[in-house]
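As stored in upload-v1.csv (CSV, C-alpha atoms and all ligand atoms):
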chain,number,residue,atom,x,y,z
A,1290,MET,CA,7.2,-5.3,-24.3
A,1291,SER,CA,5.1,-3.6,-21.6
A,1292,ALA,CA,5.1,-5.4,-18.3
A,1293,PRO,CA,6.0,-4.4,-14.7
A,1294,ALA,CA,9.7,-3.9,-14.0
A,1295,SER,CA,9.7,-6.8,-11.5
A,1296,LEU,CA,8.8,-9.3,-14.3
A,1297,HIS,CA,11.5,-7.9,-16.6
A,1298,ALA,CA,14.1,-8.4,-13.9
A,1299,SER,CA,13.9,-12.2,-14.1
A,1300,SER,CA,16.7,-14.1,-15.7
A,1301,ILE,CA,14.7,-17.3,-16.1
A,1302,PHE,CA,11.6,-16.1,-17.9
A,1303,ALA,CA,10.5,-13.2,-20.1
A,1304,VAL,CA,7.2,-11.6,-21.1
A,1305,ARG,CA,6.5,-11.8,-24.8
A,1306,GLU,CA,3.7,-11.2,-27.3
A,1307,THR,CA,1.9,-14.4,-28.3
A,1308,ALA,CA,0.0,-15.1,-31.5
A,1309,GLU,CA,-3.4,-15.8,-29.9
A,1310,SER,CA,-3.4,-14.9,-26.2
A,1311,GLY,CA,-1.9,-11.4,-25.8
A,1312,ARG,CA,1.2,-11.3,-23.8
A,1313,GLY,CA,2.5,-14.4,-22.1
A,1314,VAL,CA,5.4,-15.6,-20.0
A,1315,TYR,CA,8.1,-17.8,-21.5
A,1316,ALA,CA,11.0,-19.8,-20.1
A,1317,THR,CA,14.3,-18.3,-21.2
A,1318,GLN,CA,16.2,-21.4,-19.9
A,1319,PHE,CA,15.6,-24.9,-18.7
A,1320,ILE,CA,13.6,-24.6,-15.4
A,1321,PRO,CA,13.7,-27.7,-13.0
A,1322,LYS,CA,10.5,-28.8,-11.3
A,1323,GLY,CA,9.9,-27.1,-8.0
A,1324,THR,CA,11.7,-23.8,-8.9
A,1325,LEU,CA,10.1,-20.7,-7.4
A,1326,LEU,CA,9.8,-18.5,-10.4
A,1327,PHE,CA,8.3,-15.4,-9.1
A,1328,GLU,CA,6.6,-13.8,-6.1
A,1329,THR,CA,4.8,-10.5,-5.6
A,1330,ALA,CA,3.0,-8.7,-2.8
A,1331,GLU,CA,2.2,-5.5,-4.7
A,1332,ILE,CA,-1.5,-5.0,-4.7
A,1333,ALA,CA,-3.0,-2.0,-6.5
A,1334,ALA,CA,-6.5,-2.6,-5.0
A,1335,SER,CA,-8.2,-5.3,-3.0
A,1336,VAL,CA,-11.4,-5.9,-1.1
A,1337,VAL,CA,-12.4,-8.3,1.7
A,1338,TYR,CA,-16.2,-8.8,1.4
A,1339,ARG,CA,-18.0,-7.0,4.1
A,1340,GLU,CA,-19.4,-10.2,5.7
A,1341,TYR,CA,-15.9,-11.3,6.4
A,1342,TRP,CA,-14.5,-8.1,7.8
A,1343,LYS,CA,-14.3,-9.4,11.4
A,1344,GLU,CA,-12.8,-12.7,10.4
A,1345,VAL,CA,-10.2,-11.7,7.8
A,1346,CYS,CA,-7.0,-9.8,8.6
A,1347,ALA,CA,-7.2,-6.5,6.6
A,1348,GLN,CA,-3.4,-6.7,6.1
A,1349,CYS,CA,-2.4,-10.3,5.5
A,1350,PHE,CA,-5.9,-11.8,4.7
A,1351,LYS,CA,-5.4,-14.5,7.3
A,1352,TYR,CA,-8.6,-16.4,8.1
A,1353,ASP,CA,-9.0,-18.9,10.9
A,1354,ARG,CA,-12.1,-21.0,10.4
A,1355,GLY,CA,-14.4,-18.0,10.8
A,1356,ARG,CA,-13.0,-16.9,14.2
A,1357,ASN,CA,-13.2,-13.1,14.8
A,1358,TRP,CA,-9.9,-11.4,15.1
A,1359,LYS,CA,-9.6,-9.5,18.4
A,1360,ILE,CA,-7.5,-6.5,17.2
A,1361,ARG,CA,-10.0,-4.0,15.7
A,1362,ASP,CA,-9.8,-0.6,14.2
A,1363,GLN,CA,-12.9,0.6,15.9
A,1364,THR,CA,-13.4,3.7,13.7
A,1365,ALA,CA,-12.8,2.2,10.2
A,1366,GLY,CA,-14.0,-1.3,11.1
A,1367,HIS,CA,-11.0,-3.3,10.0
A,1368,ALA,CA,-9.8,-6.4,11.9
A,1369,PHE,CA,-6.2,-7.6,12.2
A,1370,CYS,CA,-4.6,-10.9,13.2
A,1371,SER,CA,-1.7,-9.2,15.0
A,1372,GLU,CA,-0.5,-5.8,16.2
A,1373,GLU,CA,2.2,-6.2,13.6
A,1374,CYS,CA,-0.3,-6.4,10.8
A,1375,GLN,CA,-2.2,-3.4,12.2
A,1376,THR,CA,1.0,-1.3,12.3
A,1377,ILE,CA,2.0,-2.4,8.7
A,1378,TRP,CA,-1.5,-1.5,7.5
A,1379,LYS,CA,-1.4,1.9,9.1
A,1380,ASN,CA,2.0,2.7,7.7
A,1381,ASP,CA,1.2,1.7,4.2
A,1382,THR,CA,0.9,4.7,2.0
A,1383,VAL,CA,-2.0,3.2,0.1
A,1384,ASN,CA,-4.1,3.0,3.2
A,1385,ASP,CA,-5.8,6.1,4.5
A,1386,GLU,CA,-7.6,6.0,7.8
A,1387,ALA,CA,-9.5,9.2,7.2
A,1388,ALA,CA,-10.9,7.9,3.9
A,1389,SER,CA,-11.8,4.5,5.4
A,1390,ILE,CA,-13.5,6.2,8.3
A,1391,ALA,CA,-15.5,8.4,5.9
A,1392,ILE,CA,-16.7,5.4,4.0
A,1393,GLU,CA,-17.5,3.5,7.2
A,1394,GLY,CA,-19.6,6.6,8.2
A,1395,LEU,CA,-21.7,6.2,5.1
A,1396,GLY,CA,-23.6,3.3,6.4
A,1397,LYS,CA,-24.7,5.3,9.4
A,1398,THR,CA,-26.0,8.3,7.4
A,1399,ALA,CA,-27.8,6.0,4.9
A,1400,LYS,CA,-31.5,5.5,5.6
A,1401,GLN,CA,-31.7,1.8,4.9
A,1402,GLY,CA,-28.3,0.6,5.9
A,1403,SER,CA,-26.1,-1.2,3.4
A,1404,SER,CA,-27.6,-2.1,0.0
A,1405,ASP,CA,-28.1,-5.8,-0.8
A,1406,THR,CA,-26.6,-6.0,-4.3
A,1407,ASP,CA,-27.9,-9.5,-5.0
A,1408,GLU,CA,-31.5,-8.5,-4.7
A,1409,ASP,CA,-31.4,-5.8,-7.3
A,1410,PRO,CA,-33.6,-7.1,-10.2
A,1411,ALA,CA,-31.2,-5.5,-12.8
A,1412,HIS,CA,-28.7,-8.1,-11.7
A,1413,SER,CA,-30.4,-10.8,-13.7
A,1414,LEU,CA,-30.3,-8.7,-17.0
A,1415,PRO,CA,-27.6,-9.2,-19.6
A,1416,ARG,CA,-24.4,-7.1,-19.7
A,1417,PRO,CA,-25.0,-3.5,-20.8
A,1418,THR,CA,-23.8,-2.4,-24.3
A,1419,THR,CA,-20.9,0.0,-24.7
A,1420,GLN,CA,-23.5,2.7,-25.8
A,1421,GLU,CA,-25.5,2.1,-22.6
A,1422,ILE,CA,-22.3,2.2,-20.5
A,1423,ASP,CA,-21.2,5.5,-22.1
A,1424,ALA,CA,-24.6,7.1,-21.7
A,1425,ALA,CA,-24.8,6.0,-18.0
A,1426,TRP,CA,-21.3,7.5,-17.3
A,1427,ALA,CA,-22.2,10.8,-19.1
A,1428,GLU,CA,-25.3,11.1,-17.0
A,1429,ALA,CA,-23.3,10.2,-13.8
A,1430,GLU,CA,-20.8,13.0,-14.7
A,1431,GLU,CA,-23.5,15.7,-14.5
A,1432,THR,CA,-24.2,14.7,-10.9
A,1433,ALA,CA,-20.5,14.3,-10.2
A,1434,THR,CA,-19.8,17.9,-11.3
A,1435,LYS,CA,-22.5,19.1,-8.9
A,1436,ILE,CA,-21.1,17.1,-6.0
A,1437,ARG,CA,-17.6,18.4,-6.7
A,1438,ASN,CA,-18.9,22.0,-6.7
A,1439,ALA,CA,-20.7,21.4,-3.5
A,1440,ARG,CA,-17.6,19.9,-1.9
A,1441,SER,CA,-15.3,22.6,-3.0
A,1442,SER,CA,-17.5,25.5,-2.0
A,1443,ALA,CA,-16.8,27.2,1.3
A,1444,LYS,CA,-20.5,27.9,1.7
A,1445,PRO,CA,-22.6,25.3,-0.4
A,1446,SER,CA,-26.0,26.6,-1.6
A,1447,LYS,CA,-29.2,25.0,-0.3
A,1448,PRO,CA,-29.6,22.8,-3.4
A,1449,GLU,CA,-26.0,21.7,-3.1
A,1450,ARG,CA,-26.4,20.8,0.5
A,1451,ARG,CA,-29.6,18.9,-0.4
A,1452,LEU,CA,-27.8,17.0,-3.1
A,1453,LEU,CA,-25.0,16.0,-0.8
A,1454,SER,CA,-27.4,14.7,1.9
A,1455,GLN,CA,-29.3,12.9,-0.8
A,1456,ILE,CA,-26.2,11.1,-2.0
A,1457,LEU,CA,-25.1,10.3,1.6
A,1458,ALA,CA,-28.5,8.9,2.4
A,1459,THR,CA,-28.3,6.4,-0.4
A,1460,PRO,CA,-27.2,3.0,1.0
A,1461,PRO,CA,-23.5,2.3,0.1
A,1462,ILE,CA,-22.4,-0.7,-2.0
A,1463,ARG,CA,-19.7,-1.5,0.4
A,1464,ASP,CA,-17.9,-4.2,-1.5
A,1465,VAL,CA,-17.6,-1.9,-4.5
A,1466,ILE,CA,-16.6,1.3,-2.7
A,1467,THR,CA,-14.1,-0.5,-0.5
A,1468,TYR,CA,-12.4,-1.8,-3.7
A,1469,GLN,CA,-12.4,1.6,-5.4
A,1470,LEU,CA,-10.9,3.4,-2.5
A,1471,PRO,CA,-7.5,1.6,-2.4
A,1472,ALA,CA,-7.2,2.0,-6.1
A,1473,LEU,CA,-7.7,5.8,-5.8
A,1474,LEU,CA,-5.1,5.8,-3.0
A,1475,THR,CA,-2.7,3.9,-5.3
A,1476,ILE,CA,-3.2,6.6,-7.9
A,1477,ALA,CA,-2.5,9.3,-5.3
A,1478,ASN,CA,0.4,7.7,-3.5
A,1479,SER,CA,2.0,5.1,-5.7
A,1480,PRO,CA,1.9,6.4,-9.3
A,1481,SER,CA,4.3,3.7,-10.6
A,1482,LEU,CA,2.0,0.9,-9.3
A,1483,TRP,CA,-0.9,2.6,-11.1
A,1484,SER,CA,1.2,2.7,-14.3
A,1485,ASP,CA,1.4,-1.1,-14.0
A,1486,VAL,CA,-2.4,-1.2,-13.8
A,1487,LEU,CA,-2.7,0.9,-16.9
A,1488,ILE,CA,-0.8,-1.6,-19.0
A,1489,LEU,CA,-2.9,-4.6,-18.0
A,1490,GLU,CA,-5.3,-6.1,-20.5
A,1491,SER,CA,-8.6,-4.2,-20.6
A,1492,GLU,CA,-12.2,-5.5,-20.8
A,1493,ALA,CA,-14.5,-3.3,-22.9
A,1494,ILE,CA,-17.6,-4.3,-21.1
A,1495,PRO,CA,-16.5,-5.0,-17.5
A,1496,TYR,CA,-20.0,-4.9,-15.9
A,1497,ILE,CA,-21.7,-8.2,-15.5
A,1498,SER,CA,-25.1,-6.6,-15.4
A,1499,PRO,CA,-26.8,-3.2,-15.6
A,1500,ALA,CA,-27.0,-3.4,-11.8
A,1501,ASP,CA,-23.2,-3.8,-11.6
A,1502,LEU,CA,-22.8,-0.6,-13.7
A,1503,LYS,CA,-25.2,1.2,-11.4
A,1504,PHE,CA,-23.3,0.1,-8.3
A,1505,GLN,CA,-20.1,1.4,-9.7
A,1506,ILE,CA,-21.6,4.8,-10.4
A,1507,THR,CA,-23.3,5.0,-7.0
A,1508,SER,CA,-20.0,4.3,-5.3
A,1509,TYR,CA,-18.3,6.9,-7.5
A,1510,HIS,CA,-20.8,9.5,-6.2
A,1511,HIS,CA,-20.4,8.3,-2.6
A,1512,LEU,CA,-16.6,8.6,-2.8
A,1513,LEU,CA,-17.0,12.1,-4.2
A,1514,ALA,CA,-19.4,13.1,-1.5
A,1515,CYS,CA,-17.4,11.7,1.5
A,1516,ALA,CA,-13.7,11.2,0.7
A,1517,PRO,CA,-11.2,13.6,2.2
A,1518,LEU,CA,-10.8,16.7,0.0
A,1519,PRO,CA,-7.2,16.0,-1.1
A,1520,LEU,CA,-8.4,12.8,-2.8
A,1521,LEU,CA,-11.1,14.5,-4.8
A,1522,ASP,CA,-8.8,15.2,-7.8
A,1523,HIS,CA,-8.2,11.5,-8.3
A,1524,ILE,CA,-11.9,10.5,-8.0
A,1525,THR,CA,-12.7,10.7,-11.7
A,1526,ALA,CA,-15.0,8.7,-13.9
A,1527,ASP,CA,-12.0,7.9,-16.0
A,1528,ASN,CA,-10.1,6.4,-13.1
A,1529,ILE,CA,-13.1,4.4,-11.8
A,1530,ARG,CA,-13.9,3.1,-15.3
A,1531,THR,CA,-10.2,2.2,-15.9
A,1532,LEU,CA,-10.2,0.3,-12.6
A,1533,ALA,CA,-13.2,-1.8,-13.7
A,1534,ALA,CA,-11.8,-2.4,-17.2
A,1535,LYS,CA,-8.4,-3.6,-15.9
A,1536,SER,CA,-9.8,-5.6,-13.0
A,1537,SER,CA,-12.2,-7.7,-15.0
A,1538,HIS,CA,-9.8,-10.4,-16.2
A,1539,ASN,CA,-6.9,-9.7,-13.9
A,1540,VAL,CA,-8.0,-10.0,-10.3
A,1541,PHE,CA,-7.2,-13.0,-8.1
A,1542,ASN,CA,-9.8,-14.3,-5.7
A,1543,ILE,CA,-8.7,-14.4,-2.1
A,1544,TRP,CA,-9.8,-17.9,-0.9
A,1545,SER,CA,-10.0,-18.9,2.8
A,1546,GLN,CA,-7.7,-21.8,1.8
A,1547,ASP,CA,-5.4,-21.5,-1.1
A,1548,LEU,CA,-4.2,-25.0,-1.9
A,1549,ASP,CA,-0.9,-26.0,-3.4
A,1550,ASP,CA,-2.4,-27.1,-6.6
A,1551,GLY,CA,-3.8,-23.7,-7.2
A,1552,GLY,CA,-7.3,-24.9,-6.4
A,1553,SER,CA,-9.6,-23.5,-3.8
A,1554,GLY,CA,-10.8,-26.9,-2.5
A,1555,GLY,CA,-14.4,-25.6,-2.1
A,1556,SER,CA,-13.2,-23.0,0.4
A,1557,GLU,CA,-14.9,-19.6,0.8
A,1558,CYS,CA,-14.1,-16.7,-1.4
A,1559,LEU,CA,-13.3,-13.8,1.0
A,1560,GLY,CA,-12.7,-11.1,-1.5
A,1561,TYR,CA,-10.3,-10.3,-4.4
A,1562,GLY,CA,-7.3,-8.2,-5.3
A,1563,LEU,CA,-5.3,-6.8,-8.2
A,1564,TRP,CA,-1.8,-8.1,-8.0
A,1565,THR,CA,-0.5,-6.3,-11.2
A,1566,ALA,CA,2.7,-8.3,-11.7
A,1567,ALA,CA,0.9,-11.6,-11.2
A,1568,SER,CA,-1.4,-10.9,-14.2
A,1569,TYR,CA,0.8,-12.0,-17.0
A,1570,TRP,CA,0.5,-15.8,-16.7
A,1571,ASN,CA,-1.8,-17.1,-19.4
A,1572,HIS,CA,-4.1,-20.1,-18.8
A,1573,SER,CA,-3.4,-23.6,-20.0
A,1574,CYS,CA,-5.6,-26.6,-19.5
A,1575,GLY,CA,-2.4,-28.5,-18.9
A,1576,PRO,CA,-0.5,-25.9,-16.7
A,1577,ASN,CA,3.2,-26.2,-15.9
A,1578,ILE,CA,3.0,-23.5,-13.1
A,1579,ARG,CA,1.2,-23.7,-9.8
A,1580,LYS,CA,0.4,-20.7,-7.7
A,1581,ARG,CA,-0.1,-20.2,-4.0
A,1582,ARG,CA,-0.9,-17.3,-1.8
A,1583,ASN,CA,0.9,-16.7,1.5
A,1584,GLY,CA,-0.5,-13.7,3.2
A,1585,ARG,CA,-0.3,-10.8,0.7
A,1586,THR,CA,2.2,-12.7,-1.4
A,1587,TRP,CA,1.4,-14.7,-4.5
A,1588,MET,CA,4.1,-17.3,-5.4
A,1589,PHE,CA,4.5,-19.2,-8.6
A,1590,TRP,CA,6.4,-22.5,-9.0
A,1591,ALA,CA,7.3,-24.8,-11.8
A,1592,GLU,CA,5.1,-27.8,-11.5
A,1593,ARG,CA,7.3,-29.9,-13.7
A,1594,ASP,CA,10.6,-29.5,-15.6
A,1595,VAL,CA,10.1,-26.8,-18.2
A,1596,GLN,CA,12.2,-26.6,-21.4
A,1597,GLU,CA,13.7,-23.3,-22.7
A,1598,GLY,CA,11.2,-21.5,-24.9
A,1599,GLU,CA,8.1,-23.2,-23.4
A,1600,ALA,CA,5.1,-21.0,-22.4
A,1601,LEU,CA,4.7,-20.7,-18.6
A,1602,CYS,CA,1.0,-21.1,-17.8
A,1603,ILE,CA,-1.2,-21.4,-14.7
A,1604,SER,CA,-4.7,-22.8,-14.7
A,1605,TYR,CA,-7.6,-20.4,-14.4
A,1606,LEU,CA,-9.8,-23.4,-13.6
A,1607,GLY,CA,-8.2,-24.1,-10.2
A,1608,GLY,CA,-7.3,-27.7,-10.8
A,1609,ASP,CA,-10.8,-28.7,-12.1
A,1610,GLU,CA,-9.4,-28.8,-15.7
A,1611,ARG,CA,-8.0,-32.3,-14.9
A,1612,ASP,CA,-11.4,-33.9,-14.9
A,1613,MET,CA,-13.1,-31.7,-17.4
A,1614,THR,CA,-13.7,-32.5,-21.1
A,1615,ARG,CA,-12.3,-30.1,-23.7
A,1616,GLN,CA,-15.8,-28.7,-24.4
A,1617,GLU,CA,-16.5,-28.2,-20.7
A,1618,ARG,CA,-13.2,-26.3,-20.2
A,1619,ARG,CA,-13.8,-24.1,-23.2
A,1620,THR,CA,-17.3,-23.3,-22.3
A,1621,LYS,CA,-16.3,-22.3,-18.7
A,1622,LEU,CA,-13.4,-20.2,-19.9
A,1623,LYS,CA,-15.6,-18.5,-22.5
A,1624,GLU,CA,-18.3,-17.8,-19.9
A,1625,HIS,CA,-16.0,-16.5,-17.2
A,1626,TRP,CA,-13.1,-15.0,-19.0
A,1627,LYS,CA,-14.5,-14.5,-22.5
A,1628,PHE,CA,-11.7,-16.1,-24.4
A,1629,ASP,CA,-11.4,-19.1,-26.7
A,1630,CYS,CA,-8.7,-21.2,-25.1
A,1631,ALA,CA,-5.6,-21.4,-27.4
A,1632,CYS,CA,-3.6,-23.7,-25.1
A,1633,LYS,CA,-1.6,-26.7,-26.3
A,1634,ARG,CA,-3.8,-29.3,-24.6
A,1635,CYS,CA,-7.0,-27.9,-26.3
A,1636,ASP,CA,-5.2,-27.8,-29.6
A,1637,GLU,CA,-3.9,-31.4,-29.3
A,1638,GLU,CA,-7.3,-32.8,-28.1
A,1639,ALA,CA,-8.9,-31.1,-31.1
A,1640,LYS,CA,-6.6,-33.0,-33.4
B,1701,LIG,C1,-4.6,-12.4,-16.7
B,1701,LIG,S1,-4.5,-12.0,-18.4
B,1701,LIG,C2,-3.0,-12.8,-19.0
B,1701,LIG,C3,-2.1,-11.9,-19.7
B,1701,LIG,C4,-2.6,-11.3,-21.0
B,1701,LIG,N1,-2.4,-12.3,-22.0
B,1701,LIG,C5,-2.1,-10.0,-21.3
B,1701,LIG,O1,-1.6,-9.8,-22.4
B,1701,LIG,O2,-2.1,-9.1,-20.4
B,1701,LIG,C6,-5.8,-13.0,-19.0
B,1701,LIG,C7,-6.1,-12.8,-20.5
B,1701,LIG,O3,-5.1,-13.4,-21.3
B,1701,LIG,C8,-5.7,-14.0,-22.4
B,1701,LIG,N2,-5.5,-15.5,-22.3
B,1701,LIG,C9,-5.0,-16.1,-21.2
B,1701,LIG,N3,-4.9,-17.5,-21.4
B,1701,LIG,C10,-5.4,-17.7,-22.7
B,1701,LIG,C11,-5.5,-18.9,-23.5
B,1701,LIG,N4,-5.2,-20.1,-23.0
B,1701,LIG,N5,-6.1,-18.7,-24.7
B,1701,LIG,C12,-6.4,-17.5,-25.2
B,1701,LIG,N6,-6.3,-16.4,-24.5
B,1701,LIG,C13,-5.8,-16.4,-23.2
B,1701,LIG,C14,-7.2,-13.7,-22.4
B,1701,LIG,O4,-7.4,-12.6,-23.2
B,1701,LIG,C15,-7.4,-13.4,-20.9
B,1701,LIG,O5,-8.5,-12.5,-20.7

Show me the file's structure as structure tokens.
Amino acid sequence: MSAPASLHASSIFAVRETAESGRGVYATQFIPKGTLLFETAEIAASVVYREYWKEVCAQCFKYDRGRNWKIRDQTAGHAFCSEECQTIWKNDTVNDEAASIAIEGLGKTAKQGSSDTDEDPAHSLPRPTTQEIDAAWAEAEETATKIRNARSSAKPSKPERRLLSQILATPPIRDVITYQLPALLTIANSPSLWSDVLILESEAIPYISPADLKFQITSYHHLLACAPLPLLDHITADNIRTLAAKSSHNVFNIWSQDLDDGGSGGSECLGYGLWTAASYWNHSCGPNIRKRRNGRTWMFWAERDVQEGEALCISYLGGDERDMTRQERRTKLKEHWKFDCACKRCDEEAK
């Protein structure tokens, strides 16, 4: 059964194929209430939304009621809650200052500053079809080839120089590009973590609107145009598309306050991240596992005694499932996660 090695290492649970919900996690022995089952700090890609950059530590995601952190990386724009976090960030092989600085520079070369993604009219349109997606990426590849040629030439021609300046003058989609960059650095510097990304469940249509698809492609071109040359080989349409397909149902939101019951308590969503080993817990409307984030680490506990053989599930509804009807829960899960809930509670309530 494919799953990250850290999950296979557990003696109290195992990842298994389920009949209706892909892979799931099962107790291999009796687990008393309160047992810490698993923790992971391995993030293949993450983004803190641009509007929170000064308030959220780039390393541990610490947020203090909107207060700006004093320790700043002046060139790349990151903020840190402590010098220790800044040092860890700099030493982490999946961070690359030169690449971050190049991306930060994009806003300065762009004519109209950063693009406001919410205002794009194509945002209110339905998801693109697979044919539209393939056509858009095929067209994107023609431009990508020209950018690659321009970047790799010692003396770019006039049209090549013009293309590069045109691309760099397009306003960057910061929240998209700053999520794509760490994933590319994971590919370059941490192949085993990227292998864990590749075995995650995929979404065939991961773009919520035509605008979303367009933003992914614009950011792909931006990365090709500005990233340090050694990264260029990894900046491929295939990798960018894979990231979107794998992220769709597997990312965890980074809330300003992650509560013990797994809920967000109406707090602010600061960004999101792909913790690959944390993506195997299926959803249940009557969960027996609760999760909590502490810095970069997600931890999972048994919320009650669990019998051997029971499925171990978290709630994707953040605690709201307690007060929702079966229909409300199923509608929300279908809308947001596109699955028909096959959990025990839904099953029992149907009977
Ligand atoms: C984060 S992944 C969980 C692991 C996944 N089952 C796998 O094989 O990789 C989320 C996906 O699992 C499936 N899933 C999770 N909970 C489910 C449930 N209660 N009923 C049906 N499918 C579920 C859905 O396909 C969902 O998109």

Collect all residues with atoms no farther than 7 Å from ligand LIG 1701 (chain B), counting all atoms listed in the file, and output them as a ChimeraX atom specification.
/A:1309-1313,1489-1490,1538-1539,1568-1573,1626-1632

Expected file: the selected residues, C-alpha atoms, as a short mmCIF file (atom, residue, chain, number, x, y, z; two decimals), in the frame of the given file:
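Result file is part16.cif:
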data_model
loop_
_atom_site.label_atom_id
_atom_site.label_comp_id
_atom_site.auth_asym_id
_atom_site.auth_seq_id
_atom_site.Cartn_x
_atom_site.Cartn_y
_atom_site.Cartn_z
CA GLU A 1309 -3.40 -15.80 -29.90
CA SER A 1310 -3.40 -14.90 -26.20
CA GLY A 1311 -1.90 -11.40 -25.80
CA ARG A 1312 1.20 -11.30 -23.80
CA GLY A 1313 2.50 -14.40 -22.10
CA LEU A 1489 -2.90 -4.60 -18.00
CA GLU A 1490 -5.30 -6.10 -20.50
CA HIS A 1538 -9.80 -10.40 -16.20
CA ASN A 1539 -6.90 -9.70 -13.90
CA SER A 1568 -1.40 -10.90 -14.20
CA TYR A 1569 0.80 -12.00 -17.00
CA TRP A 1570 0.50 -15.80 -16.70
CA ASN A 1571 -1.80 -17.10 -19.40
CA HIS A 1572 -4.10 -20.10 -18.80
CA SER A 1573 -3.40 -23.60 -20.00
CA TRP A 1626 -13.10 -15.00 -19.00
CA LYS A 1627 -14.50 -14.50 -22.50
CA PHE A 1628 -11.70 -16.10 -24.40
CA ASP A 1629 -11.40 -19.10 -26.70
CA CYS A 1630 -8.70 -21.20 -25.10
CA ALA A 1631 -5.60 -21.40 -27.40
CA CYS A 1632 -3.60 -23.70 -25.10
#

Set out as CSV a contact list for stretch 1312-1404 of chain A and stretch 1587-1608 of chain A with a cut-off of 10 Å, giving each residue of stretch 1312-1404 of chain A that qualifies its closest atom pair and distance in Å to one decimal, counting all atoms listed in the file, ordered by chain and rising residue number.
residue,atom,partner,partner_atom,distance
A:Gly1313,CA,A:Ala1600,CA,7.1
A:Val1314,CA,A:Leu1601,CA,5.3
A:Tyr1315,CA,A:Ala1600,CA,4.5
A:Ala1316,CA,A:Gly1598,CA,5.1
A:Thr1317,CA,A:Glu1597,CA,5.3
A:Gln1318,CA,A:Glu1597,CA,4.2
A:Phe1319,CA,A:Gln1596,CA,4.7
A:Ile1320,CA,A:Val1595,CA,5.0
A:Pro1321,CA,A:Asp1594,CA,4.4
A:Lys1322,CA,A:Arg1593,CA,4.1
A:Gly1323,CA,A:Ala1591,CA,5.1
A:Thr1324,CA,A:Ala1591,CA,5.4
A:Leu1325,CA,A:Trp1590,CA,4.4
A:Leu1326,CA,A:Trp1590,CA,5.4
A:Phe1327,CA,A:Phe1589,CA,5.4
A:Glu1328,CA,A:Met1588,CA,4.4
A:Thr1329,CA,A:Trp1587,CA,5.5
A:Ala1330,CA,A:Trp1587,CA,6.4
A:Glu1331,CA,A:Trp1587,CA,9.2

Could you turn the residues from that selection into a file that holds C-alpha atoms, as a compact mmCIF listing (two decimals), in the frame of the given file?
# COMPACT_ATOMS: atom_id res chain seq x y z
CA GLY A 1313 2.50 -14.40 -22.10
CA VAL A 1314 5.40 -15.60 -20.00
CA TYR A 1315 8.10 -17.80 -21.50
CA ALA A 1316 11.00 -19.80 -20.10
CA THR A 1317 14.30 -18.30 -21.20
CA GLN A 1318 16.20 -21.40 -19.90
CA PHE A 1319 15.60 -24.90 -18.70
CA ILE A 1320 13.60 -24.60 -15.40
CA PRO A 1321 13.70 -27.70 -13.00
CA LYS A 1322 10.50 -28.80 -11.30
CA GLY A 1323 9.90 -27.10 -8.00
CA THR A 1324 11.70 -23.80 -8.90
CA LEU A 1325 10.10 -20.70 -7.40
CA LEU A 1326 9.80 -18.50 -10.40
CA PHE A 1327 8.30 -15.40 -9.10
CA GLU A 1328 6.60 -13.80 -6.10
CA THR A 1329 4.80 -10.50 -5.60
CA ALA A 1330 3.00 -8.70 -2.80
CA GLU A 1331 2.20 -5.50 -4.70

Polymer residues at most 7 Å from A:Glu1492, all atoms listed in the file, same-chain spacing of 6 or more positions, as a count of residues only
3

Between A:Cys1349, A:Ala1308, A:Met1613, A:Leu1395, which residue has the minimum interatomic distance to A:Gly1575, considering all atoms listed in the file?
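Closest candidate: A:Met1613.
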
Nearest candidate to A:Ala1334 (options A:Gly1366, A:Pro1448, A:Pro1480, A:Pro1471; using all atoms listed in the file)
A:Pro1471

To one decimal place, how far is atom CA of A:Ser1479 from atom CA of A:Ala1368 in Å?
24.1 Å

I need the residue nearest A:Thr1382 from this list: A:Ala1472, A:Val1337, A:Ala1500, A:Ala1514. Use only C-alpha atoms for the distance.
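Looking only at the distances to A:Thr1382, the closest residue turns out to be A:Ala1472.
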
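Using all atoms listed in the file for every distance, the candidate list A:Ser1442, A:Ser1491, A:Ser1389, A:Gln1420 yields A:Ser1389 as the residue closest to A:Arg1463.
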
Just checking: using all atoms listed in the file, which residue out of A:Leu1513, A:Ile1332, A:Ile1488, A:Ile1390 ends up closest to A:Arg1440?
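That would be A:Leu1513, the residue with the smallest distance to A:Arg1440.
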
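For the pair atom CA of A:Glu1610 and atom CA of A:Pro1576, the separation is 9.4 Å.
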
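The space between atom CA of A:Asp1362 and atom CA of A:Tyr1341 spans 14.6 Å.
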
Skipping near chain neighbours, those fewer than 3 positions away, what residues fall within 7 Å of A:Cys1558 using all atoms listed in the file, listed as a ChimeraX atom specification?
/A:1542-1545

With distances taken over all atoms listed in the file, which of A:Leu1452, A:Leu1559, A:Ala1526, A:Ala1391 is nearest to A:Asp1464?
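Counting all atoms listed in the file, the residue closest to A:Asp1464 is A:Leu1559.
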
Which polymer residues, whether protein, DNA or RNA, lie within 6 Å of the coordinate (-8.0, -6.4, -9.6) when you count only C-alpha atoms? List them as a list in words, using the chain letters and numbers from the file.
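Those residues, ordered by chain and then number, are Ser1536, Asn1539, Val1540, Gly1562 and Leu1563 of chain A.
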
Around all of stretch 1367-1375 of chain A's listed atoms, make the axis-aligned box with 8 Å on each side and tell me centre and edge lengths in Å to one decimal, as lines of an AutoDock Vina configuration file.
center_x = -4.4
center_y = -7.1
center_z = 13.1
size_x = 29.2
size_y = 23.6
size_z = 22.2
